[in-house]
Each structure stands twice: as C-alpha cells, then as structure tokens.
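Some notes on the structure that comes next.
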Amino acid sequence: MADNEKNNIQENDVNTAPLENVTEGQPAGVNGAGSEYLLEVRNMKKYFPIKSSFFRRVIGNVKAVDGISFKIKRGTTMGLVGESGCGKSTAGRTILRLQDITDGEVLFNGVDIFKLHKSELRKVRPKIQIIFQDPYSSLSPRLPVGEIIGEAVREHNIVPKEQFDDYISMVMRACGLQEYHKDRYPHEFSGGQRQRICIARALALNPDFIVCDEPVSALDVSIQAQIINLLKQLQKEFNLTYLFISHDLSVVEHISDTVGVMYLGNLVEYADTEKIFANPLHPYTKALFSAIPVPDPDYKMERIVLEGSIPSPANPPAGCKFHTRCKECHMICKYAVPEYKEIEPGHFCACHLYNTQEENDKYEQEIKEAIKNEEKNLKNAKKIKKAEEAAKLDSIDNG
Amino acid sequence: MSKRKKTSYLSGSDSHRISKENRKITKYLETLRNDSKRNPSQYITKMRDENNIVELDNVCTYFFTDIGVVRAVDGVSFDIPKCSTVGVVGESGCGKSVTSLSIMQLLQRPTGQVVGGEIRLNNEDGTAYNIVNTPTSMMQEIRGNKISMIFQEPMTSLNPVFRIGAQINEVLELHHKEMTKEQIHDRTMEMLEMVGIANAEGVYNMYPHELSGGMRQRVMIAIALACDPKLIIADEPTTALDVTIQAQILDLLRNLKDKINSSIMLITHDLGVIAEMADYVVVMYAGRVVEKGTAHDIFHNPCHPYTIGLMKSKPVVGKQVDELYNIPGNVPNPVNMPDYCYFRDRCEACDHGLCAGKYPSEIRISDTHVVSCHLFADKGEVVGRSQIISNSKILEDRANYKKTRKKVVGDETKAGGQNKAAGDPEVK
C-alpha cells in the first residue's frame, strides 16, 4: 500500500476534524490529539430498558455495561474477556456509537464522540471500524466483494475516483485476497476468506482503531491462526489500535498487550497481559484462567470450578456482583460494592480482598448500618403482616 | 474464468447421468437397510477383541450428491475400548461428525450411505451387531439405548414446545416399556440430580427457553444417559459454551463416566479439551485417519505433519510465540480427491520422491501408535490400507442381489404361490 498516501490522509484528518472540536471548548485538552492514548473510556454505562407489556412503561433496566473505564495506547491491543452476557460486546458497540450511551464519556483522540454532531461524526466514523464475529451473516449476500469493500471508501471519499480500483486491489492484497476475487460473491468463499473480506472492509477506510468483536471464534483452528497472524501483521504495518473482544483466553493472551476482565457489566481487573496471566488478583480472573484447557495430558492443575452461571444483569446481586459464586466471599462482599482501584502500578482490580485496614473499617460501619436497616425493614414487614392478619380476623368476625 | 469452468463445470447430460446412477445406488442401499426380515446372520458378528465396546473397520460413508460422490469418511478404523474416552480431532469438514452419525445411523438419507466396512457394537454376550448391515427396525432399539449422543448446540437440539421432564421421559417410555409412570418419573428426577441440577423438581416442569446454555447441555446429557448407554457420543459438547461452563460440563462428563461405566467418544477441534479428557486420540484429515494412539503418544510424540501443524497453530497460555504457525493452503475438494497423499500439497515435511506414490498405508510405529504417512514407511509394519469403493462395485453387488432375490421369489411362488414379489422395489 502506498504509505505516503496513507500518511497524507491520516495527517489531513487528524488536522481537520478532531482539532476543530478541541478548540470548540471540549473538556480542557488533557488528552489532546497528540496524546499517547488513542481511546479513553470514562465511566461508560449502557442500560437497556425493560418495558411493561401494555403501557410500555419502563419497569427496570438491564445494566449491560455498568460503569467501565479504561485507556488504550496508540498501536497496542487491549483484550476484553468475560463470559457471554457480561456486556463485552455491548461495550464494543457503544464505543463505536452504534447505539446511544446511557452515561459516561468515550474520548477518541481526545474528543467525546457522543457530543459530536452528525456531520462531525461522519468525519470520525472511518477512523473507528469494527470486525464482527460471524463472517457468514455480516456480509451482504447480494454485493460482490469489490463493492462490499469499496462502498464505504466511495462514500467517505478516501481516494480520488481514478485511483479507486487500484486502491481496492491494494487493500485486498494486503489482507491476503486475490485481485480476481473482486467480482465474486460472499457465498463463494470459505469462512476464513470471508473473515479476510471483513478485515479488508474495515481496513479500506484507513482506520486508527478497530474493534474486533470475537473475530476468530467462528473459525477453524488452522484458519484462526491465519487470521490472528494477519491482524498482528496489519497492526505492525499500519500502526493500528485494537480492542480485541473474545472469550478464548489463549487467543487473547497471544494478541493483546493489556487485558481487561469483565463480569456482569463491570471491569473487575485490568493489567498488562504478562502481569495478569502471571499474577491474577481477582477470584473471578483466577477461576477463569484455571478453566483454560491445556493441550498436555500430563498437566495436572487445581481447577477452580465456578458453581452456577452468571446472574441476570437485570437484577444483579447487591454488594460485590461476584459474591454469589465467589469462593473467598466475606461478610463485607454481600453489602458493600468494591472500589475499582490501582493495587499495584498498572494493575487495577475491584475486590475487597485487597482493601487496606482503613477502608475495611469504613466498610464495616456501612455494613452495620445496612444490617440495622435490614432488621428494621424486617420488623416493619412483620408489623404490617400482623396488622393485616388482625384486620382479616376482624372482617371475618364481623362477617 | 475459463480455467474455473474447466474444473467445476458440469454439463446437463453429465449431471443427468450422475443423478440417475445415484438414484440406482441409493435405492438399492435403502432396500437393504429397510429390510426388517433380514436374516440375523447377516448382521450378527463377533468382536475382534471383547474388551472393546465399538470397533470401526474400514468404514466408508459416501454422499451421493448431484455433482458427484463425496467421500466424507473413507476407510476409517479405530477401536473404542470399554470404560475409556476416545477423542476425535480435526478441522471442520474432515468427517469426524459423519463418523459419529454413521455409528448412530443418523445420516441424511438417502444421499448419505455407509457403503462399506464394519461397525461392530459389543452385545456383551459374545456376539456383536454389525451396525452397517443392521436393519432400521433393529437400530431403533440400539439407538438411545446402547449408544446415545450429545449434540453440539443445546439450544437447537431440545424441543421448545415440550417440558424438560417430558423430553427425558420420552426416552425411557420408548426403551423401557415395562416401567410404570411413577418409575419413569423417579428415574427422570434421578437423572436430573445426577447431572448436577440443584432444583430438579422445578426444572422438570420448565421449558428449554427458561434454562441457560450450560443447564440445557446438562439436560441433553441427562437425556443421553437415561438408558445407561454403553457408549456416549459427544459431538462438540462444549463448543457453544463459555470457558467456565465448559469446565463444569467436562468435569461432569468425567465424573459420570466412572459412575455409569460407559465409554465416551468425544468429538472436538479443541486440542486442550482432548488432552484433558481423552485416553486415546484419533486425528482425522479429509475423511481419513492420519494418526491415532494414546493421548500420551499424540501429545508428546506427534508424528504426522498435520498433527504437528494443528498443535503449533493453537496459541497456548504461558507460551509466547511471535507468529502462530498456520497450515498453508486448503483442504482438497471432496468431490475430486487426489490419488496421492491428501495432505501432500499443504505439507511442509513433504519429500517429493517419497510422497509421489499413492495414499500412504497405516503404519504401526509402536504398540499403540499408528500413523499414515510416507515418511514413516520404513519405521514399522503396515497395518491397513484403505481402498475406495467405486460406484461400479456397488452396482455389481446390486445386480447380484437382484439375481438372488429373483431366485428366492421364484422358489417361493413355486412352493406356495403366495408372497408375490411384494418387497422387490428394483423393478423399474
């Protein structure tokens, strides 16, 4: 690919779109366009309302993502892992503004993308791309491959019209597709090839940041290796930044620089890949890592098997959300929500096991109050019950 | 474009000829299979080794499609010993699922047919069923009773309109007609508790959509275990599940195997799962077994280049590599398989002089370890050579069958003048 051309485009965009916005009075440019962090997520929340059947009244919320914060450095990969239903895909889609945010900020290049107008957003759009999980359903069956890759390129005027064909061929070659594939339709390709088309489609827009939403879990083992290698190679070539969402921990370990572990809408642990795999702090992370099957029949390990399955995000347990399945659950975990904080430099974790003495004392008081309140409530409930029963008896007597 | 046309283009007359021949063949094979009055001597045989529960011997399963014969399973042989776990690994499309469906006789018929070889199921009394020749009516007694299966997707393999309890009861009602309703209910509850469902009474009355993926897979396992089968075929039981739930289900399967004394045939593409569960491993590629042996043999001393490639292509936690190995190229077209080693075009260890010949035969390099590769030709004795069953051979059998059939029918009409050729579907 013509590097000059790419650089030109990149410079142009960086100079025009985001900088304009910064001058328009964004939160004082701590993370300007030149910062080492490309993406910063601050306390992001995404709730899906549950509506009653008749009046469509909102009767509750599914807290898919419940306040997560992280930063991703330029040219690195962050892995996001967790069980299905923990909100990792929702997080990925919200970062792209494919759906609205409930609360919080997503700063891309120092600009909150949820405060942009439609026209401004259009300029940022090509810079953030996504690769979906299922290459069978994410490609239009009625468009030829060249059109699938080129549609957005034409829409966003990435290259002049005369160079369009050459550009598409170049992108396809970079992703390991042949030029004559351009006129074929997606059904003529195997799963691995289709995933390459998805990657080419994302790459054609010269993005800085790509969300990879389980890009390899629908593929075969040998094809997985091809796609992972391709993603790594493209990252080196074009200095891309990835958010790699997956539930396959061995893949995440291979490709990521930092790893975040999610549980029920919260980030429970975040650290460098080496650190987190060598020394996981949170009990959930420990259990998750011990569940990875190792391809060695003589390898014996102590497996922490988690009982039950993930609770409903519509009605999460009080206190620490993990306490219902945790082996090291204390009194404190049932009442107080643990704080997400830095335990070692660069190693964040949300667990009461790593509280200091002062914090423990503070929490203890809270718990005492909470228990008192509970007892009060119980007493009240009993009183009300008694009164009701008395009323019932009265009515029977009268009757 | 012209090149493409040459390889995959079929003219109308070609396609007509193929489908006509397919019809002849499948019709003949179907008659054999549906013949419920078949002489038992044709399907009762003896096991080679009484310690095996199932023996597969040169099994060939072909699909007679309109573009040609797809040899999905082509001369697969391996044994499943009693009370052990046999893992089958391979990429998708390598025939591992078709092998298991051949054992269950659940192939998509009439297109898919087991055309040759023997699958012997131990009957525990010195005799064995040859499943390939067993008529469908007999198969119904075996299926679910002696062999049962756990499918990949628990979401789609449970019936959404029946309660969980009813779906487990169904199996027992079919296979144990002497049981009363109470007994069946008790047995179902026992099964639900055995697979680790805490709230068994509640789940009994639930519908599948009320359960999570892991719970549904537990219910599937309960259905499979209801009749105390001798062999459980688990076709990718954990692929659709999370890591933590996968650990739960694997734990459960391992404990249950000891509890009910049965064997497990575990089909998966995850080498980690195989290493953890299996005693014996069978590696398949393009419809054939390329390597088989104990888990120790395969993981510590992999011999076939495909097995080695498969292991190198999976990232392992704790092992840092810059670039994952990937096996170059693609699986050959299943309609026109080459006559040389199927892996030759993708193989890195390929020696062009040595590998130029026909498909390599199976070579035993140690007591338990068998590999099918030219590079090991002089390192052990030749055990078996798989051969392709051609259409003409099946048509020959068909002609013979017709002749004997006519004779039998003729004799019958002479003798009693009754039983007119009612079951002869070969008449055009």
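In the structure tokens, chains take the letters A, B, ... in the order shown, each chain's residues start at 1, and ligands count up from 1 in the order shown.
With only C-alpha atoms taken into account, the protein and nucleic acid residues at most 12 Å from Ala240 of chain B (excluding it and anything under 5 positions from it in its own chain) are A:Glu83, A:Ser84, A:Ser217, A:Ala218, A:His247, A:Asp248, B:Phe151, B:Gln152, B:Glu153, B:Pro154, B:Met155, B:Thr156, B:Ser212, B:Gly213, B:Gly214, B:Arg216, B:Gln217, B:Asp235, B:Ile245, B:Gln246, B:Ile249, B:Thr268.
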Residues of chain A at most 6 Å from chain B: nearest atom pair and distance in Å, only C-alpha atoms, as a tab-separated table:
```
residue	atom	partner	partner_atom	distance
A:Glu83	CA	B:Asp242	CA	5.8
A:Ser222	CA	B:Asn326	CA	5.8
A:Ala225	CA	B:Ser313	CA	5.6
A:Gln226	CA	B:Asn326	CA	5.7
A:Ser250	CA	B:Val317	CA	5.1
A:Val251	CA	B:Pro315	CA	6.0
A:Ala291	CA	B:Ala247	CA	5.7
A:Pro293	CA	B:Gly272	CA	4.5
A:Val294	CA	B:Gly272	CA	4.6
A:Pro295	CA	B:Gly272	CA	4.0
A:Asp296	CA	B:Ala275	CA	5.4
A:Pro297	CA	B:Ala275	CA	4.6
```
Using only N, CA, C and O atoms, please write the residues we just selected to a file, as an mmCIF file, in the first residue's frame.
```
data_model
loop_
_atom_site.group_PDB
_atom_site.id
_atom_site.type_symbol
_atom_site.label_atom_id
_atom_site.label_comp_id
_atom_site.auth_asym_id
_atom_site.auth_seq_id
_atom_site.Cartn_x
_atom_site.Cartn_y
_atom_site.Cartn_z
ATOM 1 N N GLU A 83 -17.381 -13.980 30.423
ATOM 2 C CA GLU A 83 -18.373 -14.953 29.973
ATOM 3 C C GLU A 83 -19.361 -14.281 29.024
ATOM 4 O O GLU A 83 -19.449 -13.067 28.984
ATOM 5 N N SER A 222 -6.913 -23.978 12.358
ATOM 6 C CA SER A 222 -5.813 -23.571 11.471
ATOM 7 C C SER A 222 -6.124 -22.230 10.813
ATOM 8 O O SER A 222 -5.226 -21.438 10.536
ATOM 9 N N ALA A 225 -5.413 -19.300 13.233
ATOM 10 C CA ALA A 225 -4.020 -18.879 13.260
ATOM 11 C C ALA A 225 -3.738 -17.909 12.122
ATOM 12 O O ALA A 225 -3.066 -16.895 12.310
ATOM 13 N N GLN A 226 -4.284 -18.204 10.939
ATOM 14 C CA GLN A 226 -4.067 -17.309 9.792
ATOM 15 C C GLN A 226 -4.590 -15.907 10.085
ATOM 16 O O GLN A 226 -3.925 -14.907 9.828
ATOM 17 N N SER A 250 -6.672 -18.021 25.463
ATOM 18 C CA SER A 250 -5.349 -18.260 24.890
ATOM 19 C C SER A 250 -5.102 -17.338 23.699
ATOM 20 O O SER A 250 -3.985 -16.864 23.492
ATOM 21 N N VAL A 251 -6.159 -17.072 22.927
ATOM 22 C CA VAL A 251 -6.021 -16.138 21.809
ATOM 23 C C VAL A 251 -5.742 -14.729 22.330
ATOM 24 O O VAL A 251 -4.881 -14.017 21.823
ATOM 25 N N ALA A 291 -9.656 -22.352 34.166
ATOM 26 C CA ALA A 291 -10.555 -23.173 33.350
ATOM 27 C C ALA A 291 -10.034 -23.392 31.940
ATOM 28 O O ALA A 291 -10.628 -24.129 31.173
ATOM 29 N N PRO A 293 -8.349 -25.114 29.099
ATOM 30 C CA PRO A 293 -7.767 -26.438 28.910
ATOM 31 C C PRO A 293 -6.364 -26.352 28.309
ATOM 32 O O PRO A 293 -6.132 -25.583 27.382
ATOM 33 N N VAL A 294 -5.442 -27.116 28.852
ATOM 34 C CA VAL A 294 -4.057 -27.084 28.377
ATOM 35 C C VAL A 294 -3.786 -28.327 27.536
ATOM 36 O O VAL A 294 -4.072 -29.440 27.984
ATOM 37 N N PRO A 295 -3.265 -28.187 26.327
ATOM 38 C CA PRO A 295 -3.035 -29.364 25.495
ATOM 39 C C PRO A 295 -1.826 -30.178 25.928
ATOM 40 O O PRO A 295 -0.838 -30.278 25.218
ATOM 41 N N ASP A 296 -1.878 -30.729 27.100
ATOM 42 C CA ASP A 296 -0.827 -31.608 27.572
ATOM 43 C C ASP A 296 -1.462 -32.603 28.542
ATOM 44 O O ASP A 296 -1.948 -32.211 29.595
ATOM 45 N N PRO A 297 -1.508 -33.895 28.180
ATOM 46 C CA PRO A 297 -2.247 -34.850 29.009
ATOM 47 C C PRO A 297 -1.651 -35.041 30.402
ATOM 48 O O PRO A 297 -2.333 -35.503 31.312
#
```
Report task. From segment 13-93 of chain B, collect each residue whose DSSP state is strand (DSSP E or B) and return the set as a ChimeraX atom specification. Result -> /B:44-45,52-65,68-81,85-89
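Nearest residue to Val86 of chain B among B:Leu107, B:Cys355, B:Ile267, B:Ala399 is B:Ile267, counting only C-alpha atoms.
Atom CA of Asp134 of chain A sits 21.0 Å away from atom CA of His254 of chain A.
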